[in-house]
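Q: Enclosed is the structure file input.txt (compact mmCIF, C-alpha atoms).
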```
# COMPACT_ATOMS: atom_id res chain seq x y z
CA GLN A 186 25.08 -11.58 -3.30
CA PHE A 187 22.12 -10.19 -1.40
CA LEU A 188 22.27 -13.08 1.06
CA GLU A 189 25.66 -11.97 2.35
CA ASP A 190 23.80 -9.37 4.44
CA LEU A 191 20.47 -11.21 4.66
CA PRO A 192 21.02 -14.59 6.32
CA GLU A 193 17.36 -15.44 7.03
CA ALA A 194 16.08 -17.13 3.86
CA THR A 195 12.52 -18.13 2.95
CA TYR A 196 11.79 -20.84 0.39
CA GLY A 197 8.76 -21.71 -1.70
CA GLU A 198 7.11 -25.09 -1.90
CA ASP A 199 9.41 -26.07 -4.76
CA LYS A 200 12.41 -25.10 -2.57
CA SER A 201 13.15 -22.00 -4.63
CA LEU A 202 14.30 -18.86 -2.81
CA ILE A 203 11.45 -16.35 -2.39
CA GLY A 204 12.70 -14.13 0.42
CA ALA A 205 15.63 -13.10 2.57
CA ALA A 206 15.95 -10.91 5.65
CA GLY A 207 18.54 -9.34 7.90
CA PRO A 208 18.76 -6.53 10.47
CA GLY A 209 16.38 -3.75 9.43
CA VAL A 210 15.64 -4.98 5.93
CA SER A 211 13.93 -7.84 4.11
CA LEU A 212 13.53 -8.76 0.45
CA THR A 213 10.56 -10.77 -0.74
CA LEU A 214 8.97 -11.89 -3.96
CA GLU A 215 5.32 -10.91 -4.14
CA PRO A 216 2.65 -13.03 -5.91
CA ALA A 217 3.90 -12.72 -9.52
CA ALA A 218 7.54 -12.11 -8.57
CA GLN A 219 7.26 -8.37 -7.93
CA PHE A 220 10.40 -7.54 -5.97
CA GLU A 221 9.72 -5.93 -2.59
CA ILE A 222 12.16 -4.31 -0.20
CA SER A 223 10.95 -3.66 3.34
CA ALA A 224 13.18 -1.46 5.48
CA GLY A 225 13.15 0.47 8.71
CA PRO A 226 11.98 1.73 11.06
CA TYR A 227 13.67 5.07 10.53
CA GLU A 228 13.74 8.08 12.82
CA TYR A 229 14.58 10.58 10.09
CA ALA A 230 13.12 10.73 6.59
CA ASN A 231 16.50 11.54 5.04
CA GLU A 232 17.78 8.10 6.08
CA VAL A 233 15.51 6.37 3.56
CA ARG A 234 16.99 7.40 0.23
CA PRO A 235 20.60 6.25 0.92
CA GLU A 236 19.33 2.84 2.05
CA LEU A 237 17.23 2.36 -1.07
CA GLU A 238 19.99 3.59 -3.36
CA ARG A 239 22.44 1.16 -1.79
CA PHE A 240 20.02 -1.66 -2.56
CA GLU A 241 19.49 -0.38 -6.11
CA ARG A 242 23.22 -0.37 -6.80
CA LYS A 243 23.55 -3.97 -5.67
CA ALA A 244 20.50 -5.03 -7.67
CA ALA A 245 21.68 -3.21 -10.79
CA ALA A 246 25.11 -4.84 -10.65
CA LEU A 247 23.62 -8.31 -10.25
CA LEU A 248 20.77 -8.01 -12.75
CA GLY A 249 22.95 -6.22 -15.29
CA GLN A 250 24.99 -9.39 -15.66
CA HIS A 251 21.85 -10.99 -17.09
CA GLY A 252 20.67 -8.08 -19.20
CA GLN A 253 17.89 -7.26 -16.74
CA ARG A 254 16.90 -4.33 -14.53
CA LEU A 255 14.26 -3.43 -11.97
CA VAL A 256 11.44 -1.12 -13.06
CA THR A 257 9.57 1.02 -10.53
CA LEU A 258 6.02 1.30 -11.84
CA GLY A 259 2.60 0.84 -10.29
CA TYR A 260 1.53 -1.73 -12.88
CA HIS A 261 3.33 -4.18 -15.15
CA PRO A 262 4.37 -2.20 -18.24
CA THR A 263 4.00 -4.92 -20.88
CA ALA A 264 2.31 -8.13 -19.72
CA ARG A 265 -1.30 -9.07 -19.14
CA VAL A 266 -1.95 -10.70 -15.79
CA ASP A 267 -3.19 -13.94 -17.36
CA ASP A 268 0.33 -14.42 -18.73
CA LEU A 269 2.00 -14.02 -15.32
CA GLU A 270 2.48 -17.07 -13.11
CA LEU A 271 2.28 -17.08 -9.33
CA ILE A 272 5.37 -17.92 -7.32
CA PRO A 273 5.22 -21.26 -5.41
CA LYS A 274 3.58 -20.07 -2.21
CA ARG A 275 0.40 -21.77 -1.02
CA ARG A 276 -1.03 -18.57 0.42
CA TYR A 277 -1.18 -17.04 -3.06
CA GLN A 278 -2.91 -20.07 -4.52
CA PHE A 279 -5.74 -19.75 -1.98
CA MET A 280 -6.00 -16.01 -2.56
CA ASP A 281 -5.99 -16.41 -6.33
CA LYS A 282 -8.86 -18.87 -6.26
CA HIS A 283 -10.84 -16.60 -3.93
CA PHE A 284 -10.34 -13.50 -6.05
CA GLN A 285 -11.14 -15.30 -9.31
CA ALA A 286 -14.59 -16.09 -7.93
CA ILE A 287 -15.21 -12.35 -7.49
CA GLY A 288 -13.86 -10.97 -10.75
CA HIS A 289 -10.77 -10.10 -12.77
CA TYR A 290 -9.32 -7.34 -10.65
CA GLY A 291 -8.04 -9.62 -7.90
CA ARG A 292 -5.68 -11.16 -10.43
CA CYS A 293 -4.66 -7.64 -11.50
CA MET A 294 -3.93 -6.78 -7.88
CA MET A 295 -1.88 -9.89 -7.20
CA ARG A 296 0.01 -10.20 -10.45
CA GLY A 297 0.16 -6.78 -12.03
CA SER A 298 0.39 -4.14 -9.31
CA ALA A 299 3.27 -2.82 -7.22
CA ALA A 300 3.06 -0.27 -4.41
CA THR A 301 4.86 2.08 -2.07
CA GLN A 302 3.57 1.50 1.46
CA ILE A 303 4.52 3.43 4.58
CA SER A 304 3.85 2.45 8.18
CA ILE A 305 3.41 5.00 10.96
CA ASP A 306 3.21 4.74 14.75
CA TYR A 307 0.41 5.45 17.19
CA TYR A 308 0.54 5.75 20.98
CA SER A 309 -3.08 5.23 22.04
CA GLU A 310 -6.42 4.09 20.67
CA GLN A 311 -7.56 7.69 20.27
CA ASP A 312 -4.36 8.66 18.45
CA CYS A 313 -4.61 5.59 16.24
CA LEU A 314 -8.22 6.16 15.21
CA ARG A 315 -7.60 9.84 14.51
CA LYS A 316 -4.66 9.00 12.24
CA MET A 317 -6.64 6.24 10.53
CA ARG A 318 -9.50 8.63 9.78
CA ILE A 319 -7.20 11.35 8.44
CA ALA A 320 -5.16 8.89 6.38
CA SER A 321 -8.34 7.35 4.96
CA ALA A 322 -9.59 10.79 3.91
CA LEU A 323 -6.22 11.54 2.31
CA THR A 324 -6.22 8.30 0.32
CA PRO A 325 -7.51 9.90 -2.92
CA ALA A 326 -4.95 12.73 -2.70
CA LEU A 327 -2.04 10.38 -1.98
CA ALA A 328 -3.10 8.10 -4.83
CA LEU A 329 -3.06 11.03 -7.26
CA LEU A 330 0.21 12.38 -5.94
CA CYS A 331 1.90 8.97 -6.39
CA ASP A 332 0.10 7.86 -9.57
CA ASN A 333 2.67 5.92 -11.61
CA SER A 334 0.60 3.51 -13.73
CA PRO A 335 0.44 4.76 -17.33
CA VAL A 336 -0.29 1.25 -18.65
CA PHE A 337 -2.95 -1.28 -17.73
CA GLU A 338 -2.98 -4.81 -19.14
CA GLY A 339 -0.51 -3.97 -21.89
CA GLU A 340 -2.46 -0.95 -23.17
CA PRO A 341 -2.47 2.78 -22.39
CA ARG A 342 -4.75 3.34 -19.42
CA THR A 343 -8.22 4.80 -19.96
CA HIS A 344 -8.36 6.80 -16.71
CA GLN A 345 -6.08 8.04 -13.96
CA LEU A 346 -5.42 6.20 -10.69
CA VAL A 347 -5.31 2.65 -12.05
CA ARG A 348 -4.39 1.35 -8.60
CA THR A 349 -7.50 2.93 -7.07
CA LYS A 350 -9.70 1.17 -9.61
CA ILE A 351 -8.02 -2.20 -9.09
CA TRP A 352 -8.29 -2.11 -5.31
CA ARG A 353 -11.88 -0.94 -5.44
CA GLU A 354 -12.89 -3.95 -7.48
CA CYS A 355 -10.77 -6.89 -6.32
CA ASP A 356 -12.74 -7.67 -3.12
CA PRO A 357 -15.00 -5.03 -1.54
CA ALA A 358 -15.25 -7.12 1.65
CA ARG A 359 -11.57 -6.57 2.52
CA CYS A 360 -10.40 -3.61 0.42
CA GLY A 361 -11.12 0.11 0.21
CA LEU A 362 -12.10 1.99 3.35
CA VAL A 363 -12.38 0.13 6.63
CA PRO A 364 -16.15 0.17 7.36
CA GLY A 365 -16.96 2.86 9.89
CA VAL A 366 -13.47 4.39 9.95
CA MET A 367 -14.80 7.86 9.10
CA GLU A 368 -17.39 7.77 11.90
CA PRO A 369 -16.70 9.46 15.26
CA ASN A 370 -17.70 6.34 17.21
CA PHE A 371 -15.26 4.01 15.43
CA SER A 372 -13.18 1.93 17.83
CA PHE A 373 -10.73 -0.95 18.09
CA GLU A 374 -13.70 -3.14 18.98
CA LYS A 375 -15.50 -2.21 15.77
CA TYR A 376 -12.34 -2.93 13.79
CA ALA A 377 -12.11 -6.36 15.43
CA GLU A 378 -15.78 -7.02 14.62
CA TYR A 379 -15.08 -6.17 10.98
CA VAL A 380 -12.13 -8.56 10.82
CA LEU A 381 -13.96 -11.39 12.55
CA SER A 382 -17.05 -11.09 10.33
CA THR A 383 -15.12 -11.36 7.05
CA PRO A 384 -14.53 -14.68 5.19
CA ALA A 385 -11.10 -16.02 6.06
CA ILE A 386 -10.13 -17.37 2.57
CA PHE A 387 -7.95 -19.97 4.28
CA GLY A 388 -7.01 -21.13 7.75
CA PHE A 389 -4.71 -23.67 9.41
CA ASP A 390 -5.60 -27.00 10.99
CA GLU A 391 -4.14 -28.31 14.26
CA ASN A 392 -1.08 -29.55 12.37
CA GLY A 393 -0.43 -26.19 10.77
CA LYS A 394 -1.59 -27.32 7.34
CA PRO A 395 -3.50 -24.63 5.39
CA PHE A 396 -6.99 -25.30 4.09
CA ALA A 397 -9.43 -23.23 2.04
CA THR A 398 -12.58 -22.10 3.82
CA GLU A 399 -15.63 -19.91 3.33
CA GLN A 400 -16.03 -19.47 7.09
CA THR A 401 -15.44 -16.10 8.69
CA PHE A 402 -12.55 -15.61 11.07
CA GLY A 403 -15.08 -15.43 13.89
CA GLU A 404 -16.47 -18.83 12.94
CA LEU A 405 -13.02 -20.35 12.60
CA TYR A 406 -12.04 -19.25 16.11
CA GLN A 407 -15.36 -19.45 17.90
CA ASN A 408 -14.22 -22.36 20.08
CA HIS A 409 -10.70 -21.26 20.90
CA ALA A 410 -8.84 -18.00 21.39
CA MET A 411 -6.78 -16.51 18.60
CA GLN A 412 -3.06 -16.50 19.28
CA ILE A 413 -0.81 -13.69 18.08
CA ALA A 414 0.10 -15.67 14.96
CA ASP A 415 -3.61 -16.16 14.20
CA VAL A 416 -4.29 -12.43 14.52
CA GLU A 417 -1.33 -11.61 12.27
CA HIS A 418 -2.57 -14.12 9.70
CA ALA A 419 -6.07 -12.65 9.74
CA LEU A 420 -4.90 -9.05 9.39
CA SER A 421 -2.57 -10.00 6.52
CA LEU A 422 -5.63 -11.01 4.48
CA PHE A 423 -7.09 -7.50 4.55
CA PHE A 424 -5.99 -5.02 1.91
CA ASN A 425 -7.71 -1.80 2.92
CA ASP A 426 -6.47 1.63 1.87
CA ILE A 427 -5.34 2.06 5.47
CA ARG A 428 -4.60 -1.16 7.37
CA LEU A 429 -4.25 -1.39 11.13
CA LYS A 430 -1.79 -3.77 12.75
CA THR A 431 0.57 -2.85 15.59
CA TYR A 432 1.23 0.13 13.32
CA ILE A 433 -0.83 1.91 10.66
CA GLU A 434 -0.10 1.04 7.03
CA ILE A 435 -0.77 3.76 4.45
CA ARG A 436 -1.27 1.86 1.19
CA PRO A 437 -2.68 3.88 -1.77
CA ALA A 438 0.60 4.85 -3.50
CA ASP A 439 2.07 3.24 -6.59
CA SER A 440 5.62 1.97 -6.73
CA MET A 441 7.88 4.92 -7.59
CA PRO A 442 11.56 5.72 -8.25
CA THR A 443 13.65 6.17 -5.12
CA PRO A 444 13.76 10.01 -4.99
CA PHE A 445 9.96 10.10 -5.04
CA VAL A 446 9.68 7.35 -2.42
CA ALA A 447 11.99 9.33 -0.13
CA ALA A 448 9.90 12.46 -0.74
CA TYR A 449 6.71 10.54 0.04
CA VAL A 450 8.20 9.26 3.30
CA ALA A 451 9.09 12.83 4.28
CA LEU A 452 5.58 14.03 3.40
CA ILE A 453 3.93 11.34 5.54
CA LYS A 454 6.22 12.12 8.47
CA GLY A 455 5.51 15.82 8.22
CA LEU A 456 1.77 15.20 8.16
CA PHE A 457 1.40 12.49 10.80
CA TYR A 458 4.20 13.14 13.31
CA ASN A 459 3.25 16.72 14.15
CA ASN A 460 0.18 17.78 16.14
CA GLU A 461 -0.21 21.07 14.29
CA SER A 462 -0.26 19.18 11.00
CA LEU A 463 -2.88 16.77 12.31
CA ASP A 464 -5.04 19.65 13.56
CA ALA A 465 -4.83 21.35 10.18
CA LEU A 466 -5.68 18.11 8.37
CA ASP A 467 -8.70 17.64 10.61
CA GLU A 468 -9.88 21.07 9.51
CA MET A 469 -9.16 20.37 5.83
CA ILE A 470 -11.17 17.16 5.68
CA GLY A 471 -13.88 18.49 7.99
CA SER A 472 -16.77 16.08 8.43
CA ALA A 473 -15.95 14.05 5.33
CA SER A 474 -17.87 10.78 5.24
CA ALA A 475 -17.02 7.46 3.63
CA SER A 476 -19.17 8.39 0.64
CA ASP A 477 -17.27 11.68 0.34
CA VAL A 478 -13.98 9.79 0.22
CA GLU A 479 -15.28 7.41 -2.43
CA GLN A 480 -16.63 10.33 -4.47
CA ALA A 481 -13.22 11.99 -4.24
CA LYS A 482 -11.62 8.84 -5.63
CA THR A 483 -14.06 8.86 -8.54
CA ASN A 484 -13.49 12.56 -9.21
CA LEU A 485 -9.71 12.18 -9.27
CA MET A 486 -9.87 9.10 -11.50
CA ASP A 487 -11.94 11.12 -13.96
CA ALA A 488 -10.19 14.49 -13.85
CA GLY A 489 -6.94 14.26 -11.84
CA TYR A 490 -5.68 17.68 -10.83
CA ASP A 491 -8.68 19.29 -12.53
CA ALA A 492 -11.00 17.74 -9.92
CA GLU A 493 -12.04 19.09 -6.53
CA LEU A 494 -11.12 17.49 -3.23
CA TYR A 495 -13.24 18.26 -0.16
CA GLY A 496 -14.22 21.67 -1.52
CA LEU A 497 -10.78 22.67 -2.81
CA PRO A 498 -9.17 22.30 -6.24
CA ALA A 499 -6.99 19.18 -6.07
CA GLY A 500 -3.83 21.15 -6.76
CA GLU A 501 -4.54 23.64 -3.98
CA PHE A 502 -5.28 20.78 -1.59
CA MET A 503 -1.93 19.19 -2.49
CA ASP A 504 -0.09 22.49 -2.01
CA LYS A 505 -1.50 22.70 1.51
CA LEU A 506 -0.22 19.19 2.29
CA PHE A 507 3.31 20.13 1.28
CA ASP A 508 3.14 23.42 3.18
CA LEU A 509 2.17 21.56 6.34
CA ALA A 510 4.91 18.98 5.91
CA HIS A 511 7.56 21.59 5.16
CA LYS A 512 6.73 23.49 8.35
CA ALA A 513 6.80 20.31 10.45
CA LEU A 514 10.14 18.94 9.24
CA SER A 515 13.73 19.91 9.87
CA ALA A 516 15.50 21.62 6.97
CA THR A 517 17.34 18.41 6.12
CA GLU A 518 14.19 16.31 6.06
CA ALA A 519 12.20 18.99 4.25
CA SER A 520 14.76 18.92 1.43
CA CYS A 521 13.64 15.36 0.71
CA LEU A 522 10.21 16.70 -0.33
CA VAL A 523 11.53 18.44 -3.45
CA PRO A 524 10.94 15.84 -6.22
CA LEU A 525 7.34 15.13 -5.24
CA ALA A 526 6.56 18.74 -4.34
CA GLN A 527 7.80 19.94 -7.74
CA LEU A 528 5.74 17.28 -9.48
CA ALA A 529 2.62 18.34 -7.60
CA ALA A 530 3.30 22.02 -8.25
CA SER A 531 3.39 21.25 -12.00
CA ARG A 532 0.00 19.51 -11.63
CA LYS A 533 1.48 16.42 -13.22
CA THR A 534 2.05 12.85 -12.08
CA LEU A 535 4.70 10.32 -13.01
CA ALA A 536 2.04 8.55 -15.06
CA THR A 537 0.96 11.64 -17.02
CA MET A 538 4.59 12.46 -17.74
CA ALA A 539 5.13 8.94 -19.07
CA GLU A 540 2.02 9.28 -21.24
CA ARG A 541 3.35 12.49 -22.76
CA ARG A 542 6.73 10.91 -23.51
CA SER A 543 5.04 7.98 -25.23
CA HIS A 544 3.21 10.39 -27.54
```
What would the structure in this file look like if it were written as structure tokens?
A:
Amino acid sequence: QFLEDLPEATYGEDKSLIGAAGPGVSLTLEPAAQFEISAGPYEYANEVRPELERFERKAAALLGQHGQRLVTLGYHPTARVDDLELIPKRRYQFMDKHFQAIGHYGRCMMRGSAATQISIDYYSEQDCLRKMRIASALTPALALLCDNSPVFEGEPRTHQLVRTKIWRECDPARCGLVPGVMEPNFSFEKYAEYVLSTPAIFGFDENGKPFATEQTFGELYQNHAMQIADVEHALSLFFNDIRLKTYIEIRPADSMPTPFVAAYVALIKGLFYNNESLDALDEMIGSASASDVEQAKTNLMDAGYDAELYGLPAGEFMDKLFDLAHKALSATEASCLVPLAQLAASRKTLATMAERRSH
């Protein structure tokens, strides 16, 4: 039924359907069959919720015939990752082997986690690097705001921000903060140096066949120039909090129900598509360093809204974010903020609410 509107199909190595795409939207299965919808771009934040709800209605009608439904959580609510199989996609087999050599959390990332990711525009190198720095500093706050992982590996979680912990531990070489992003002299060239100096995990031979490798991207391409497809492949194997492509991906949020996703989209637009908001955010984060950002993550994992964030109580910091967004948006778009703004005002998260219901 989905394929009626999505004629471009993608198949796994066993010929099973693992993705479909059409104008403005694509559906894909992620490593352990997490269901991902990618949509946009949108000009107005209030366009997002109707699109997602239309998809949800179609999914509910189809899955309901089989006694199934989609669940929007940041981590699998019942299974342990060792019990979840990877879909038949060679890329994930290479990644899985790489992450297993580092520790357990790579498997948690691939198999157990699900996210809400938003991409924003930039118009120059200076604009891009400014937005990357601000977004990187906001990562702890956005992770708390969108925390929706009450369960980890089949058990009640032992700390807040499960996603933050997972992505800190799965591969420090390609996750967390982009090295140098908080420094005033960061540049596109430094970002390229970071990408090229990182192990590639896998590459492609002259016939397009993938092969595992411990070489860096720089070593793989030292004798010939990278083509656009090579650059896209390389960047796809980085999983930083904020990832730079031809747009900026903001990645710390858990998967959430549609009203909260729409509110999150509106918040990001209000913060990053308005110069007054960006100026205010620059002042709020001040001269925060990479170590300050990491300490903020630790503080929020330990204490949530009871922690401090760059010298302010976390709740007060969050209130300022919503105030900025509300001022920057039209009345129609600002109305989208309500579910997430109310949650933040109550100093609760979706995860803490789920924990209370379970008790």
Q: Find the axis-aligned box for segment 403-410 of chain A, covering all its listed atoms and adding 5 Å on each side, and write its centre and edge lengths in Å to one decimal as lines of an AutoDock Vina configuration file.
A:
```
center_x = -12.7
center_y = -18.9
center_z = 17.0
size_x = 17.6
size_y = 16.9
size_z = 18.8
```
Q: Do a neighbour search on Pro235 of chain A at 10 Å with all atoms listed in the file, toss out local chain neighbours closer than 5 positions, and write the hits as a PDB file with C-alpha atoms, in the frame of the given file.
A:
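Once written, result.pdb looks like this:
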```pdb
ATOM      1  CA  PHE A 240      20.020  -1.660  -2.560  1.00  0.00           C
ATOM      2  CA  GLU A 241      19.490  -0.380  -6.110  1.00  0.00           C
ATOM      3  CA  THR A 443      13.650   6.170  -5.120  1.00  0.00           C
ATOM      4  CA  PRO A 444      13.760  10.010  -4.990  1.00  0.00           C
ATOM      5  CA  ALA A 447      11.990   9.330  -0.130  1.00  0.00           C
TER       6      ALA A 447
END
```
Q: Taking a cut-off of 6 Å and counting all atoms listed in the file, can you build a table that, for each residue of segment 404-496 of chain A near segment 252-272 of chain A, reports the nearest atom pair and how far apart they are in Å (one decimal), sorted by chain then residue number, as CSV?
A:
```
residue,atom,partner,partner_atom,distance
A:Asp439,CA,A:Gly259,CA,4.4
A:Ser440,CA,A:Gly259,CA,4.8
A:Met441,CA,A:Thr257,CA,5.2
A:Pro442,CA,A:Thr257,CA,5.6
```
Q: Sorted by chain and rising residue number, list the residues of segment 317-387 of chain A at most 9 Å from segment 396-407 of chain A (counting all atoms listed in the file), each with its closest atom pair and distance in Å to one decimal, as a tab-separated table.
A:
```
residue	atom	partner	partner_atom	distance
A:Glu378	CA	A:Gly403	CA	8.5
A:Val380	CA	A:Phe402	CA	7.1
A:Leu381	CA	A:Gly403	CA	4.4
A:Ser382	CA	A:Thr401	CA	5.5
A:Thr383	CA	A:Thr401	CA	5.0
A:Pro384	CA	A:Thr401	CA	3.9
A:Ala385	CA	A:Thr401	CA	5.1
A:Ile386	CA	A:Thr398	CA	5.5
A:Phe387	CA	A:Ala397	CA	4.2
```
Q: Give the answer as one residue: which of A:Gly207, A:Pro325, A:Gly489, A:Pro364 has the shortest atom-to-atom distance to Thr349 of chain A, using all atoms listed in the file?
A: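 Among the listed residues, the smallest separation from Thr349 of chain A belongs to A:Pro325.
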Q: In Å, rounded to a single decimal, give me how far atom CA of Ile287 of chain A is from atom CA of Glu198 of chain A.
A: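 Result for atom CA of Glu198 of chain A versus atom CA of Ile287 of chain A: 26.3 Å, one decimal.
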Q: How many Å separate atom CA of Glu189 of chain A from atom CA of Ser304 of chain A?
A: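 That distance, rounded to one decimal, is 26.8 Å.
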Q: Using all atoms listed in the file, find all polymer residues with an atom at most 12 Å away from the point (-0.3, 2.0, 16.9); report them as a count of residues only.
A: 22
Q: With distances taken over all atoms listed in the file, which residue among A:Ile351, A:Leu422, A:Ala513, A:Val416 lies nearest Leu452 of chain A?
A: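 The closest residue to Leu452 of chain A is A:Ala513.
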Q: Starting from the incomplete input, reconstruct N, CA, C and O atoms of segment 515-528 of chain A and write that as a PDB file, in the coordinates of the input.
A:
```pdb
ATOM      1  N   SER A 515      12.453  19.194   9.828  1.00  0.00           N
ATOM      2  CA  SER A 515      13.730  19.910   9.870  1.00  0.00           C
ATOM      3  C   SER A 515      14.121  20.281   8.438  1.00  0.00           C
ATOM      4  O   SER A 515      13.591  19.734   7.460  1.00  0.00           O
ATOM      5  N   ALA A 516      15.067  21.201   8.300  1.00  0.00           N
ATOM      6  CA  ALA A 516      15.500  21.620   6.970  1.00  0.00           C
ATOM      7  C   ALA A 516      16.038  20.449   6.160  1.00  0.00           C
ATOM      8  O   ALA A 516      15.773  20.321   4.955  1.00  0.00           O
ATOM      9  N   THR A 517      16.774  19.559   6.827  1.00  0.00           N
ATOM     10  CA  THR A 517      17.340  18.410   6.120  1.00  0.00           C
ATOM     11  C   THR A 517      16.249  17.479   5.624  1.00  0.00           C
ATOM     12  O   THR A 517      16.272  17.027   4.468  1.00  0.00           O
ATOM     13  N   GLU A 518      15.281  17.200   6.478  1.00  0.00           N
ATOM     14  CA  GLU A 518      14.190  16.310   6.060  1.00  0.00           C
ATOM     15  C   GLU A 518      13.294  16.983   5.022  1.00  0.00           C
ATOM     16  O   GLU A 518      12.835  16.333   4.074  1.00  0.00           O
ATOM     17  N   ALA A 519      13.051  18.278   5.195  1.00  0.00           N
ATOM     18  CA  ALA A 519      12.200  18.990   4.250  1.00  0.00           C
ATOM     19  C   ALA A 519      12.797  18.988   2.844  1.00  0.00           C
ATOM     20  O   ALA A 519      12.064  19.007   1.845  1.00  0.00           O
ATOM     21  N   SER A 520      14.121  18.947   2.752  1.00  0.00           N
ATOM     22  CA  SER A 520      14.760  18.920   1.430  1.00  0.00           C
ATOM     23  C   SER A 520      14.411  17.655   0.660  1.00  0.00           C
ATOM     24  O   SER A 520      14.475  17.644  -0.574  1.00  0.00           O
ATOM     25  N   CYS A 521      14.033  16.608   1.370  1.00  0.00           N
ATOM     26  CA  CYS A 521      13.640  15.360   0.710  1.00  0.00           C
ATOM     27  C   CYS A 521      12.344  15.514  -0.073  1.00  0.00           C
ATOM     28  O   CYS A 521      12.060  14.734  -0.993  1.00  0.00           O
ATOM     29  N   LEU A 522      11.520  16.508   0.291  1.00  0.00           N
ATOM     30  CA  LEU A 522      10.210  16.700  -0.330  1.00  0.00           C
ATOM     31  C   LEU A 522      10.301  17.141  -1.788  1.00  0.00           C
ATOM     32  O   LEU A 522       9.338  16.977  -2.553  1.00  0.00           O
ATOM     33  N   VAL A 523      11.437  17.695  -2.194  1.00  0.00           N
ATOM     34  CA  VAL A 523      11.530  18.440  -3.450  1.00  0.00           C
ATOM     35  C   VAL A 523      11.000  17.701  -4.672  1.00  0.00           C
ATOM     36  O   VAL A 523      10.174  18.252  -5.422  1.00  0.00           O
ATOM     37  N   PRO A 524      11.410  16.455  -4.967  1.00  0.00           N
ATOM     38  CA  PRO A 524      10.940  15.840  -6.220  1.00  0.00           C
ATOM     39  C   PRO A 524       9.424  15.729  -6.309  1.00  0.00           C
ATOM     40  O   PRO A 524       8.832  16.047  -7.352  1.00  0.00           O
ATOM     41  N   LEU A 525       8.791  15.316  -5.229  1.00  0.00           N
ATOM     42  CA  LEU A 525       7.340  15.130  -5.240  1.00  0.00           C
ATOM     43  C   LEU A 525       6.617  16.481  -5.180  1.00  0.00           C
ATOM     44  O   LEU A 525       5.574  16.663  -5.821  1.00  0.00           O
ATOM     45  N   ALA A 526       7.170  17.417  -4.428  1.00  0.00           N
ATOM     46  CA  ALA A 526       6.560  18.740  -4.340  1.00  0.00           C
ATOM     47  C   ALA A 526       6.592  19.442  -5.702  1.00  0.00           C
ATOM     48  O   ALA A 526       5.614  20.095  -6.102  1.00  0.00           O
ATOM     49  N   GLN A 527       7.701  19.332  -6.420  1.00  0.00           N
ATOM     50  CA  GLN A 527       7.800  19.940  -7.740  1.00  0.00           C
ATOM     51  C   GLN A 527       6.821  19.290  -8.718  1.00  0.00           C
ATOM     52  O   GLN A 527       6.206  19.978  -9.545  1.00  0.00           O
ATOM     53  N   LEU A 528       6.681  17.986  -8.618  1.00  0.00           N
ATOM     54  CA  LEU A 528       5.740  17.280  -9.480  1.00  0.00           C
ATOM     55  C   LEU A 528       4.321  17.760  -9.222  1.00  0.00           C
ATOM     56  O   LEU A 528       3.557  18.041 -10.152  1.00  0.00           O
TER      57      LEU A 528
END
```
